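Novice: Enclosed is the structure file protein-v7.pdb (PDB, C-alpha atoms, pLDDT in the B column).
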MODEL        1
ATOM      1  CA  MET A   1     115.825 145.392 169.989  1.00 41.00           C
ATOM      2  CA  LYS A   2     114.915 142.102 168.281  1.00 40.00           C
ATOM      3  CA  THR A   3     112.084 143.827 166.361  1.00 40.00           C
ATOM      4  CA  ALA A   4     114.484 146.506 165.097  1.00 38.00           C
ATOM      5  CA  VAL A   5     116.874 143.836 163.816  1.00 37.00           C
ATOM      6  CA  ILE A   6     114.051 142.049 161.995  1.00 40.00           C
ATOM      7  CA  VAL A   7     112.826 145.316 160.449  1.00 40.00           C
ATOM      8  CA  LEU A   8     116.351 146.219 159.320  1.00 40.00           C
ATOM      9  CA  ALA A   9     116.804 142.731 157.839  1.00 41.00           C
ATOM     10  CA  CYS A  10     113.551 143.113 155.892  1.00 47.00           C
ATOM     11  CA  VAL A  11     114.575 146.556 154.623  1.00 48.00           C
ATOM     12  CA  ALA A  12     118.005 145.236 153.589  1.00 44.00           C
ATOM     13  CA  SER A  13     116.353 142.301 151.827  1.00 46.00           C
ATOM     14  CA  ALA A  14     114.010 144.613 149.899  1.00 44.00           C
ATOM     15  CA  LEU A  15     116.850 146.927 148.930  1.00 48.00           C
ATOM     16  CA  ALA A  16     118.976 144.005 147.776  1.00 52.00           C
ATOM     17  CA  ALA A  17     116.249 143.060 145.274  1.00 78.00           C
ATOM     18  CA  CYS A  18     116.589 146.343 143.372  1.00 92.00           C
ATOM     19  CA  PRO A  19     118.827 146.299 140.301  1.00 97.00           C
ATOM     20  CA  ASN A  20     121.193 149.113 139.378  1.00 97.00           C
ATOM     21  CA  ILE A  21     119.116 151.974 137.952  1.00 98.00           C
ATOM     22  CA  VAL A  22     120.936 154.547 135.824  1.00 98.00           C
ATOM     23  CA  SER A  23     119.302 157.896 136.573  1.00 98.00           C
ATOM     24  CA  ARG A  24     118.017 160.267 133.920  1.00 98.00           C
ATOM     25  CA  ALA A  25     120.840 162.674 134.753  1.00 98.00           C
ATOM     26  CA  SER A  26     123.418 159.903 134.294  1.00 98.00           C
ATOM     27  CA  TRP A  27     122.227 158.943 130.806  1.00 98.00           C
ATOM     28  CA  GLY A  28     121.759 162.566 129.739  1.00 98.00           C
ATOM     29  CA  ALA A  29     117.967 162.879 129.588  1.00 98.00           C
ATOM     30  CA  ARG A  30     116.297 166.024 128.347  1.00 98.00           C
ATOM     31  CA  PRO A  31     113.749 167.535 130.720  1.00 98.00           C
ATOM     32  CA  PRO A  32     110.152 166.493 129.993  1.00 98.00           C
ATOM     33  CA  ASN A  33     107.791 169.006 128.402  1.00 98.00           C
ATOM     34  CA  SER A  34     105.073 168.046 130.885  1.00 97.00           C
ATOM     35  CA  ILE A  35     104.427 165.463 133.607  1.00 98.00           C
ATOM     36  CA  THR A  36     101.341 163.498 134.637  1.00 98.00           C
ATOM     37  CA  TYR A  37     101.626 161.430 137.798  1.00 98.00           C
ATOM     38  CA  LEU A  38     100.533 157.816 138.247  1.00 97.00           C
ATOM     39  CA  SER A  39      98.302 156.616 141.043  1.00 96.00           C
ATOM     40  CA  ASN A  40     100.564 153.949 142.552  1.00 95.00           C
ATOM     41  CA  PRO A  41     100.624 151.071 143.068  1.00 98.00           C
ATOM     42  CA  VAL A  42      99.711 150.187 139.484  1.00 98.00           C
ATOM     43  CA  PRO A  43      98.067 146.881 138.488  1.00 98.00           C
ATOM     44  CA  TYR A  44     100.020 146.279 135.241  1.00 98.00           C
ATOM     45  CA  VAL A  45     103.543 145.892 133.923  1.00 98.00           C
ATOM     46  CA  VAL A  46     103.784 146.170 130.130  1.00 98.00           C
ATOM     47  CA  ILE A  47     106.801 144.607 128.408  1.00 98.00           C
ATOM     48  CA  HIS A  48     108.253 146.067 125.190  1.00 98.00           C
ATOM     49  CA  HIS A  49     111.287 145.690 122.976  1.00 98.00           C
ATOM     50  CA  SER A  50     112.895 148.558 121.103  1.00 97.00           C
ATOM     51  CA  GLU A  51     113.161 146.543 117.851  1.00 95.00           C
ATOM     52  CA  SER A  52     116.591 148.082 117.401  1.00 96.00           C
ATOM     53  CA  GLY A  53     120.185 147.068 117.790  1.00 96.00           C
ATOM     54  CA  GLU A  54     121.494 146.088 121.188  1.00 97.00           C
ATOM     55  CA  CYS A  55     123.968 147.820 123.487  1.00 97.00           C
ATOM     56  CA  SER A  56     126.582 146.365 125.794  1.00 97.00           C
ATOM     57  CA  THR A  57     128.138 149.278 127.709  1.00 98.00           C
ATOM     58  CA  GLN A  58     126.646 152.056 129.793  1.00 98.00           C
ATOM     59  CA  SER A  59     127.938 154.569 127.253  1.00 98.00           C
ATOM     60  CA  SER A  60     126.350 152.819 124.247  1.00 98.00           C
ATOM     61  CA  CYS A  61     123.102 152.108 126.122  1.00 98.00           C
ATOM     62  CA  SER A  62     122.882 155.736 127.303  1.00 98.00           C
ATOM     63  CA  SER A  63     123.335 156.909 123.724  1.00 98.00           C
ATOM     64  CA  MET A  64     120.549 154.616 122.539  1.00 98.00           C
ATOM     65  CA  VAL A  65     118.194 155.743 125.319  1.00 98.00           C
ATOM     66  CA  GLN A  66     118.896 159.378 124.350  1.00 98.00           C
ATOM     67  CA  GLY A  67     118.003 158.476 120.765  1.00 98.00           C
ATOM     68  CA  PHE A  68     114.720 156.877 121.864  1.00 98.00           C
ATOM     69  CA  GLN A  69     113.876 159.974 123.893  1.00 98.00           C
ATOM     70  CA  ASP A  70     114.680 162.269 120.952  1.00 98.00           C
ATOM     71  CA  TYR A  71     112.506 160.177 118.633  1.00 98.00           C
ATOM     72  CA  HIS A  72     109.612 160.039 121.101  1.00 98.00           C
ATOM     73  CA  MET A  73     109.712 163.785 121.765  1.00 98.00           C
ATOM     74  CA  ASP A  74     110.731 165.192 118.379  1.00 98.00           C
ATOM     75  CA  THR A  75     108.973 162.782 115.988  1.00 98.00           C
ATOM     76  CA  ASN A  76     106.061 161.405 118.028  1.00 97.00           C
ATOM     77  CA  GLY A  77     105.435 164.707 119.827  1.00 97.00           C
ATOM     78  CA  TRP A  78     105.342 163.062 123.258  1.00 98.00           C
ATOM     79  CA  SER A  79     106.287 164.996 126.376  1.00 98.00           C
ATOM     80  CA  ASP A  80     109.167 162.624 127.207  1.00 98.00           C
ATOM     81  CA  ILE A  81     110.552 159.154 126.471  1.00 98.00           C
ATOM     82  CA  GLY A  82     107.611 156.764 126.364  1.00 98.00           C
ATOM     83  CA  TYR A  83     108.805 154.059 128.755  1.00 98.00           C
ATOM     84  CA  ASN A  84     109.089 154.102 132.518  1.00 98.00           C
ATOM     85  CA  PHE A  85     112.279 151.999 132.368  1.00 98.00           C
ATOM     86  CA  LEU A  86     114.566 150.371 129.806  1.00 98.00           C
ATOM     87  CA  VAL A  87     117.081 147.545 130.208  1.00 98.00           C
ATOM     88  CA  GLY A  88     120.332 147.364 128.287  1.00 98.00           C
ATOM     89  CA  GLY A  89     122.704 144.549 127.405  1.00 97.00           C
ATOM     90  CA  ASP A  90     125.058 145.913 130.058  1.00 98.00           C
ATOM     91  CA  GLY A  91     122.588 144.639 132.680  1.00 97.00           C
ATOM     92  CA  ASN A  92     121.607 148.133 133.836  1.00 98.00           C
ATOM     93  CA  ILE A  93     118.111 149.507 134.111  1.00 98.00           C
ATOM     94  CA  TYR A  94     117.711 153.003 132.626  1.00 98.00           C
ATOM     95  CA  GLU A  95     115.212 155.346 134.227  1.00 98.00           C
ATOM     96  CA  GLY A  96     112.729 156.641 131.658  1.00 98.00           C
ATOM     97  CA  ARG A  97     109.727 158.325 133.218  1.00 98.00           C
ATOM     98  CA  GLY A  98     110.354 156.416 136.435  1.00 98.00           C
ATOM     99  CA  TRP A  99     107.999 154.863 138.955  1.00 98.00           C
ATOM    100  CA  ASP A 100     105.536 157.686 139.462  1.00 98.00           C
ATOM    101  CA  LYS A 101     104.876 159.194 136.020  1.00 98.00           C
ATOM    102  CA  VAL A 102     102.405 158.147 133.315  1.00 98.00           C
ATOM    103  CA  GLY A 103     104.203 156.799 130.264  1.00 97.00           C
ATOM    104  CA  ALA A 104     103.290 156.844 126.575  1.00 97.00           C
ATOM    105  CA  HIS A 105     103.949 153.199 125.764  1.00 97.00           C
ATOM    106  CA  ALA A 106     100.636 151.280 125.663  1.00 96.00           C
ATOM    107  CA  PRO A 107      97.338 153.003 124.836  1.00 95.00           C
ATOM    108  CA  GLY A 108      94.670 152.112 127.383  1.00 95.00           C
ATOM    109  CA  TYR A 109      97.286 151.030 129.945  1.00 97.00           C
ATOM    110  CA  ASN A 110      99.570 154.068 130.308  1.00 97.00           C
ATOM    111  CA  SER A 111      97.853 155.466 133.394  1.00 97.00           C
ATOM    112  CA  GLN A 112      97.772 152.098 135.153  1.00 98.00           C
ATOM    113  CA  SER A 113     101.104 150.505 134.294  1.00 98.00           C
ATOM    114  CA  ILE A 114     104.872 150.573 134.384  1.00 98.00           C
ATOM    115  CA  GLY A 115     106.264 150.165 130.857  1.00 98.00           C
ATOM    116  CA  ILE A 116     109.594 148.340 130.600  1.00 98.00           C
ATOM    117  CA  CYS A 117     111.503 148.187 127.315  1.00 98.00           C
ATOM    118  CA  PHE A 118     114.163 145.589 126.495  1.00 98.00           C
ATOM    119  CA  ILE A 119     116.712 147.331 124.256  1.00 98.00           C
ATOM    120  CA  GLY A 120     117.110 145.149 121.177  1.00 98.00           C
ATOM    121  CA  SER A 121     114.978 143.079 118.818  1.00 98.00           C
ATOM    122  CA  TYR A 122     113.509 139.898 120.267  1.00 98.00           C
ATOM    123  CA  ILE A 123     111.501 138.535 117.372  1.00 97.00           C
ATOM    124  CA  SER A 124     113.430 135.313 116.817  1.00 97.00           C
ATOM    125  CA  SER A 125     115.639 135.044 119.903  1.00 96.00           C
ATOM    126  CA  ALA A 126     114.884 135.765 123.535  1.00 96.00           C
ATOM    127  CA  PRO A 127     116.977 138.185 125.576  1.00 97.00           C
ATOM    128  CA  SER A 128     119.712 136.726 127.756  1.00 96.00           C
ATOM    129  CA  SER A 129     119.587 136.539 131.532  1.00 96.00           C
ATOM    130  CA  THR A 130     121.762 139.683 131.527  1.00 97.00           C
ATOM    131  CA  LEU A 131     118.585 141.570 130.566  1.00 97.00           C
ATOM    132  CA  VAL A 132     115.875 139.334 132.023  1.00 98.00           C
ATOM    133  CA  ASP A 133     117.238 139.072 135.571  1.00 97.00           C
ATOM    134  CA  PRO A 134     117.409 142.869 136.157  1.00 98.00           C
ATOM    135  CA  VAL A 135     113.856 143.270 134.825  1.00 98.00           C
ATOM    136  CA  ARG A 136     112.538 140.598 137.195  1.00 97.00           C
ATOM    137  CA  GLN A 137     114.457 142.343 140.027  1.00 98.00           C
ATOM    138  CA  LEU A 138     112.981 145.704 138.966  1.00 98.00           C
ATOM    139  CA  ILE A 139     109.446 144.314 139.102  1.00 98.00           C
ATOM    140  CA  GLN A 140     110.123 142.820 142.541  1.00 97.00           C
ATOM    141  CA  CYS A 141     111.625 146.114 143.704  1.00 97.00           C
ATOM    142  CA  GLY A 142     108.504 147.930 142.454  1.00 98.00           C
ATOM    143  CA  MET A 143     106.298 145.536 144.410  1.00 97.00           C
ATOM    144  CA  ASP A 144     108.443 145.842 147.551  1.00 97.00           C
ATOM    145  CA  ASP A 145     108.291 149.641 147.386  1.00 97.00           C
ATOM    146  CA  ARG A 146     104.564 149.653 146.498  1.00 97.00           C
ATOM    147  CA  TRP A 147     104.939 151.210 143.053  1.00 98.00           C
ATOM    148  CA  ILE A 148     103.456 148.010 141.548  1.00 98.00           C
ATOM    149  CA  GLN A 149     100.599 146.043 143.092  1.00 98.00           C
ATOM    150  CA  LEU A 150     101.597 142.757 144.690  1.00 97.00           C
ATOM    151  CA  ALA A 151      98.897 141.017 142.626  1.00 96.00           C
ATOM    152  CA  HIS A 152      99.852 142.822 139.393  1.00 97.00           C
ATOM    153  CA  MET A 153      99.566 141.469 135.864  1.00 98.00           C
ATOM    154  CA  THR A 154     102.405 141.471 133.326  1.00 98.00           C
ATOM    155  CA  ILE A 155     101.431 141.702 129.663  1.00 98.00           C
ATOM    156  CA  GLY A 156     103.161 142.145 126.332  1.00 98.00           C
ATOM    157  CA  HIS A 157     102.644 145.380 124.402  1.00 98.00           C
ATOM    158  CA  ARG A 158     100.784 143.392 121.706  1.00 97.00           C
ATOM    159  CA  GLN A 159      98.035 142.675 124.229  1.00 97.00           C
ATOM    160  CA  ALA A 160      97.291 146.406 124.443  1.00 96.00           C
ATOM    161  CA  VAL A 161      97.488 147.362 120.763  1.00 95.00           C
ATOM    162  CA  SER A 162      98.025 145.666 117.397  1.00 96.00           C
ATOM    163  CA  THR A 163     101.819 145.315 117.123  1.00 96.00           C
ATOM    164  CA  ASP A 164     104.488 142.619 117.018  1.00 96.00           C
ATOM    165  CA  CYS A 165     106.064 144.106 120.163  1.00 97.00           C
ATOM    166  CA  PRO A 166     107.685 142.739 122.329  1.00 98.00           C
ATOM    167  CA  GLY A 167     108.760 140.283 119.617  1.00 97.00           C
ATOM    168  CA  ASP A 168     107.685 136.651 119.402  1.00 98.00           C
ATOM    169  CA  ALA A 169     110.603 135.255 121.404  1.00 98.00           C
ATOM    170  CA  LEU A 170     110.305 137.756 124.262  1.00 98.00           C
ATOM    171  CA  TYR A 171     106.523 137.411 124.276  1.00 98.00           C
ATOM    172  CA  SER A 172     106.885 133.631 124.568  1.00 98.00           C
ATOM    173  CA  LEU A 173     109.318 134.102 127.452  1.00 98.00           C
ATOM    174  CA  ILE A 174     107.059 136.430 129.482  1.00 98.00           C
ATOM    175  CA  GLN A 175     104.218 133.930 129.132  1.00 98.00           C
ATOM    176  CA  SER A 176     106.237 131.669 131.455  1.00 97.00           C
ATOM    177  CA  TRP A 177     106.429 134.343 134.174  1.00 97.00           C
ATOM    178  CA  PRO A 178     104.109 133.739 137.157  1.00 96.00           C
ATOM    179  CA  ASP A 179     102.650 137.263 136.886  1.00 96.00           C
ATOM    180  CA  TRP A 180     101.794 137.016 133.156  1.00 97.00           C
ATOM    181  CA  GLU A 181      98.126 137.667 132.395  1.00 96.00           C
ATOM    182  CA  PRO A 182      96.729 136.066 129.214  1.00 96.00           C
ATOM    183  CA  ASN A 183      93.441 138.034 129.315  1.00 94.00           C
ATOM    184  CA  PRO A 184      93.987 141.580 130.571  1.00 92.00           C
TER     185      PRO A 184
ENDMDL
END
Could you write out this file's structure as structure tokens?
Specialist:
Amino acid sequence: MKTAVIVLACVASALAACPNIVSRASWGARPPNSITYLSNPVPYVVIHHSESGECSTQSSCSSMVQGFQDYHMDTNGWSDIGYNFLVGGDGNIYEGRGWDKVGAHAPGYNSQSIGICFIGSYISSAPSSTLVDPVRQLIQCGMDDRWIQLAHMTIGHRQAVSTDCPGDALYSLIQSWPDWEPNP
């Protein structure tokens, strides 16, 4: 009986670490054209910013995520939205390709990472805790559920390809995270 209580407490603790994730159906995602599955747990988390305006409600964030998906599919020719997850100024996480599907967000890392995009432009100012806290919870949730390796490495998109993403201010912030890897 005592073991069952401890197990239930551990499960409850792990579940409590997960942020609110808005499903693809809830934000109005189009179906993907094709799917390639990840081999989880992955060793990397890649951080991005959308270099766009911000959103502050589930309705406005959902609309922006739909726009990103349309751009990625219709202009870039990708099979789906590029990111695994996105975070909006409403504090919600938006499911992109999810935990188990290869993204199209960081060449050389797509098949071994979870790509997380902060909605907004973080060149000169860092995102608020309204965005940062859910992302840190999402990463912890991914580790707890074995989608992300416990000893994973977090990098900025600019470490995978020549770009200013995730913006100077956000990049500076992730360098303070304990899982940041300067030399991937």
Novice: For this file, the PyMOL selection byres ((chain A and resi 34-37) around 12) selects which residues, as a PyMOL selection string?
Specialist: chain A and resi 30-33+38-42+73+77-82+84+97-104+110-114+147
Novice: Under the PyMOL selection byres ((chain A and resi 154-165) around 7), which residues of this model are included? Write them out as a PDB file with C-alpha atoms, keeping the file's coordinate frame.
Specialist:
ATOM      1  CA  TYR A  44     100.020 146.279 135.241  1.00 98.00           C
ATOM      2  CA  VAL A  45     103.543 145.892 133.923  1.00 98.00           C
ATOM      3  CA  VAL A  46     103.784 146.170 130.130  1.00 98.00           C
ATOM      4  CA  ILE A  47     106.801 144.607 128.408  1.00 98.00           C
ATOM      5  CA  HIS A  48     108.253 146.067 125.190  1.00 98.00           C
ATOM      6  CA  HIS A  49     111.287 145.690 122.976  1.00 98.00           C
ATOM      7  CA  ALA A 106     100.636 151.280 125.663  1.00 96.00           C
ATOM      8  CA  PRO A 107      97.338 153.003 124.836  1.00 95.00           C
ATOM      9  CA  GLY A 108      94.670 152.112 127.383  1.00 95.00           C
ATOM     10  CA  HIS A 152      99.852 142.822 139.393  1.00 97.00           C
ATOM     11  CA  MET A 153      99.566 141.469 135.864  1.00 98.00           C
ATOM     12  CA  PRO A 166     107.685 142.739 122.329  1.00 98.00           C
ATOM     13  CA  GLY A 167     108.760 140.283 119.617  1.00 97.00           C
ATOM     14  CA  TYR A 171     106.523 137.411 124.276  1.00 98.00           C
ATOM     15  CA  ASP A 179     102.650 137.263 136.886  1.00 96.00           C
ATOM     16  CA  TRP A 180     101.794 137.016 133.156  1.00 97.00           C
ATOM     17  CA  GLU A 181      98.126 137.667 132.395  1.00 96.00           C
TER      18      GLU A 181
END
Novice: Apply the PyMOL selection byres ((chain A and resi 64) around 10) to the file shown and report the selected residues as a list in words.
Specialist: Trp27, Ser50, Ser52, Gly53, Glu54, Cys55, Gln58, Ser59, Ser60, Cys61, Ser62, Ser63, Val65, Gln66, Gly67, Phe68, Gln69, Asp70, Gly88 and Ile119 of chain A
Novice: Using all atoms listed in the file, find the one residue out of A:Pro19, A:Pro43, A:Gly142, A:Gly115 that sits nearest to A:Asp90.
Specialist: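 Between A:Pro19, A:Pro43, A:Gly142, A:Gly115, the residue approaching A:Asp90 most closely is A:Pro19.
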Novice: Please enclose the listed atoms of stretch 78-83 of chain A in an axis-aligned box, pad each side by 6 Å, and write out the centre and the three edge lengths in Å, rounded to one decimal, as AutoDock Vina command-line options.
Specialist:
--center_x 107.9 --center_y 159.5 --center_z 126.0 --size_x 17.2 --size_y 22.9 --size_z 17.5
Novice: What is the distance between atom CA of A:Phe118 and atom CA of A:Leu131, in Å to one decimal?
Specialist: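 Distance between the two atoms: 7.2 Å.
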Novice: To one decimal place, how far is atom CA of A:Asn183 from atom CA of A:Gln137 in Å?
Specialist: 24.0 Å
Novice: Taking all atoms listed in the file into account, name the residue in A:Tyr71, A:Val22, A:Trp177, A:Leu170 that is nearest to A:Tyr122.
Specialist: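 Answer, going by the shortest atom-to-atom distance: A:Leu170.
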Novice: Which residues come within 9 Å of A:Leu173, counting only C-alpha atoms, excluding same-chain residues fewer than 5 positions away, as a list in words?
Specialist: Ala126, Pro127 and Asp168 of chain A
Novice: Just to confirm, what's the straight-line distance from atom CA of A:Ile21 to atom CA of A:Arg136 in Å (one decimal)?
Specialist: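 Those two atoms sit 13.2 Å apart.
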Novice: Of the candidates A:Ser172, A:Tyr109, A:Ser121, A:Thr130, which one gets nearest to A:Pro184 if we count only C-alpha atoms?
Specialist: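 Using only C-alpha atoms, A:Pro184 sits closest to A:Tyr109.
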Novice: Ranking A:Cys18, A:Ala29, A:Ala169, A:Ala151 by minimum distance to A:Ser124 and counting all atoms listed in the file, which one comes first?
Specialist: A:Ala169
